[in-house]
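Notes to accompany the following structure.
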Amino acid sequence: MSNRREFMLQVSLGGGVVLAGNAMAQGAMVAESDAQAAALGYKADASKVDKAKFPKFATGQVCTNCALYQGKASDAAGGCPLFAGKQVAGKGWCSAYAKKA
């Protein structure tokens with residue numbers, strides 16, 4: 001009986017650690033200096049996009065209205081499949097921007 005209690009305690013504690021780890025991984029913001037972010041010209045603030053370097057950028061294009069954005073339009077940050085396990089700023093932009101239908 002004692003072994004079962006110890007096992008259940010270890011399982012419940014271990015599960016909490018895994019959940020906490022997932023929450024932290026989901027909450028990590030992608031840095032503009034990240035290799036993938038830099039390659040895509042990601043900016044956490046779309047108003048700072050170099051329009052000469054990215055002529056396809058248009059005012060109003062932000063992550064929250066991109067088809068790849070996995071958060072709600074009202075979220076300050078959300079997931080993006082291009083940056084697995086990290087979040088992008090809702091007001092951000094990258095060259096993979098595709099207008100949401």
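Letters A, B, ... go to the chains of the structure tokens in the order shown; residues in each chain start at 1; ligands are counted from 1 in the same order.
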
Give me the residues near Phe57 of chain A as a tab-separated table (two decimals) with N, CA and C atoms, in the first residue's frame, where near means some atom within 12 Å (using only C-alpha atoms) and where sequence neighbours in that chain fewer than 4 positions away do not count.
chain	number	residue	atom	x	y	z
A	41	GLY	N	12.83	38.21	-41.23
A	41	GLY	CA	12.67	39.64	-41.02
A	41	GLY	C	11.66	39.96	-39.93
A	42	TYR	N	11.49	39.05	-38.95
A	42	TYR	CA	10.50	39.25	-37.89
A	42	TYR	C	10.81	40.48	-37.06
A	43	LYS	N	9.79	41.27	-36.83
A	43	LYS	CA	9.86	42.43	-35.94
A	43	LYS	C	8.70	42.31	-34.97
A	46	ALA	N	5.48	45.85	-35.87
A	46	ALA	CA	5.41	45.98	-37.34
A	46	ALA	C	5.75	47.37	-37.83
A	47	SER	N	5.60	48.39	-37.00
A	47	SER	CA	5.92	49.75	-37.44
A	47	SER	C	7.42	49.95	-37.64
A	48	LYS	N	8.24	48.98	-37.21
A	48	LYS	CA	9.69	49.08	-37.34
A	48	LYS	C	10.25	48.23	-38.48
A	49	VAL	N	9.36	47.71	-39.33
A	49	VAL	CA	9.80	46.90	-40.48
A	49	VAL	C	10.52	47.80	-41.48
A	50	ASP	N	11.65	47.33	-41.99
A	50	ASP	CA	12.42	48.06	-43.00
A	50	ASP	C	11.70	47.90	-44.34
A	51	LYS	N	10.97	48.93	-44.74
A	51	LYS	CA	10.14	48.86	-45.95
A	51	LYS	C	10.99	48.77	-47.22
A	52	ALA	N	12.21	49.23	-47.17
A	52	ALA	CA	13.10	49.11	-48.33
A	52	ALA	C	13.53	47.65	-48.50
A	53	LYS	N	13.79	46.98	-47.41
A	53	LYS	CA	14.22	45.58	-47.44
A	53	LYS	C	13.05	44.64	-47.69
A	61	GLN	N	-0.52	45.26	-41.77
A	61	GLN	CA	-0.18	43.85	-41.70
A	61	GLN	C	0.49	43.59	-40.36
A	62	VAL	N	-0.14	42.79	-39.54
A	62	VAL	CA	0.40	42.40	-38.23
A	62	VAL	C	0.08	40.93	-38.00
A	92	GLY	N	3.38	42.15	-34.19
A	92	GLY	CA	4.59	41.86	-34.94
A	92	GLY	C	4.32	41.60	-36.42
A	93	TRP	N	5.38	41.29	-37.15
A	93	TRP	CA	5.28	41.01	-38.59
A	93	TRP	C	6.50	40.23	-39.02
A	94	CYS	N	6.35	39.37	-40.05
A	94	CYS	CA	7.50	38.74	-40.71
A	94	CYS	C	7.18	38.58	-42.18
A	95	SER	N	8.17	38.24	-42.97
A	95	SER	CA	7.99	38.17	-44.42
A	95	SER	C	7.11	37.01	-44.87
A	96	ALA	N	6.74	36.11	-43.98
A	96	ALA	CA	5.84	35.01	-44.32
A	96	ALA	C	4.38	35.40	-44.13
A	97	TYR	N	4.13	36.68	-43.85
A	97	TYR	CA	2.77	37.17	-43.61
A	97	TYR	C	1.83	36.76	-44.74
A	98	ALA	N	0.69	36.22	-44.35
A	98	ALA	CA	-0.37	35.86	-45.32
A	98	ALA	C	-1.69	36.31	-44.71
A	99	LYS	N	-2.39	37.19	-45.41
A	99	LYS	CA	-3.64	37.73	-44.87
A	99	LYS	C	-4.63	36.63	-44.54

- Hey, what's within 8 Å of segment 80-83 of chain A if we count only C-alpha atoms and toss same-chain stuff fewer than 2 positions away? As number ranges by chain, please? A: 30, 36-37, 68-70, 78, 85-88

How would the residues just chosen look if you wrote them out with N, CA and C atoms as a CSV table (one decimal), in the first residue's frame?
chain,number,residue,atom,x,y,z
A,30,VAL,N,9.5,34.7,-29.1
A,30,VAL,CA,10.6,34.6,-30.1
A,30,VAL,C,11.3,35.9,-30.1
A,36,GLN,N,15.8,31.9,-37.0
A,36,GLN,CA,14.6,31.8,-37.9
A,36,GLN,C,13.9,33.2,-38.0
A,37,ALA,N,13.8,33.9,-36.9
A,37,ALA,CA,13.2,35.2,-36.9
A,37,ALA,C,13.9,36.2,-37.8
A,68,LEU,N,-1.3,32.5,-40.3
A,68,LEU,CA,-0.5,31.6,-39.5
A,68,LEU,C,-0.6,31.8,-38.0
A,69,TYR,N,-1.1,33.0,-37.6
A,69,TYR,CA,-1.2,33.3,-36.2
A,69,TYR,C,-2.2,32.4,-35.5
A,70,GLN,N,-1.8,31.8,-34.3
A,70,GLN,CA,-2.7,30.9,-33.6
A,70,GLN,C,-3.4,31.4,-32.4
A,78,GLY,N,0.7,35.2,-29.5
A,78,GLY,CA,0.2,33.9,-29.8
A,78,GLY,C,1.2,33.1,-30.5
A,85,GLY,N,6.9,26.3,-30.6
A,85,GLY,CA,7.1,26.4,-29.1
A,85,GLY,C,7.3,27.8,-28.6
A,86,LYS,N,7.3,28.8,-29.5
A,86,LYS,CA,7.4,30.2,-29.1
A,86,LYS,C,6.3,31.0,-29.5
A,87,GLN,N,6.1,32.2,-28.9
A,87,GLN,CA,5.0,33.0,-29.3
A,87,GLN,C,5.6,34.3,-30.0
A,88,VAL,N,4.7,34.8,-30.9
A,88,VAL,CA,5.1,36.1,-31.6
A,88,VAL,C,4.2,37.2,-31.0

- Task: For Thr64 of chain A, please output as a list in words all residues within 7 Å (counting only C-alpha atoms; exclusion window: fewer than 3 positions along the same chain).
- Result: Tyr69, Ala73, Gly90 and Lys91 of chain A

May I have the selected residues written with N, CA and C atoms, as a short mmCIF file (atom, residue, chain, number, x, y, z; two decimals), in the first residue's frame?
data_model
loop_
_atom_site.label_atom_id
_atom_site.label_comp_id
_atom_site.auth_asym_id
_atom_site.auth_seq_id
_atom_site.Cartn_x
_atom_site.Cartn_y
_atom_site.Cartn_z
N TYR A 69 -1.13 32.98 -37.58
CA TYR A 69 -1.24 33.33 -36.16
C TYR A 69 -2.23 32.41 -35.47
N ALA A 73 -7.45 37.47 -32.16
CA ALA A 73 -7.10 38.80 -32.67
C ALA A 73 -6.85 39.78 -31.53
N GLY A 90 1.51 40.03 -31.10
CA GLY A 90 0.34 40.27 -31.93
C GLY A 90 0.54 41.43 -32.89
N LYS A 91 1.35 42.42 -32.48
CA LYS A 91 1.63 43.59 -33.30
C LYS A 91 2.88 43.39 -34.16
#

- Restricting the calculation to only C-alpha atoms, which member of A:Met29, A:Ala89, A:Ala39, A:Ala84 is positioned closest to Cys66 of chain A?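 For Cys66 of chain A, the nearest of the candidates is A:Ala89.
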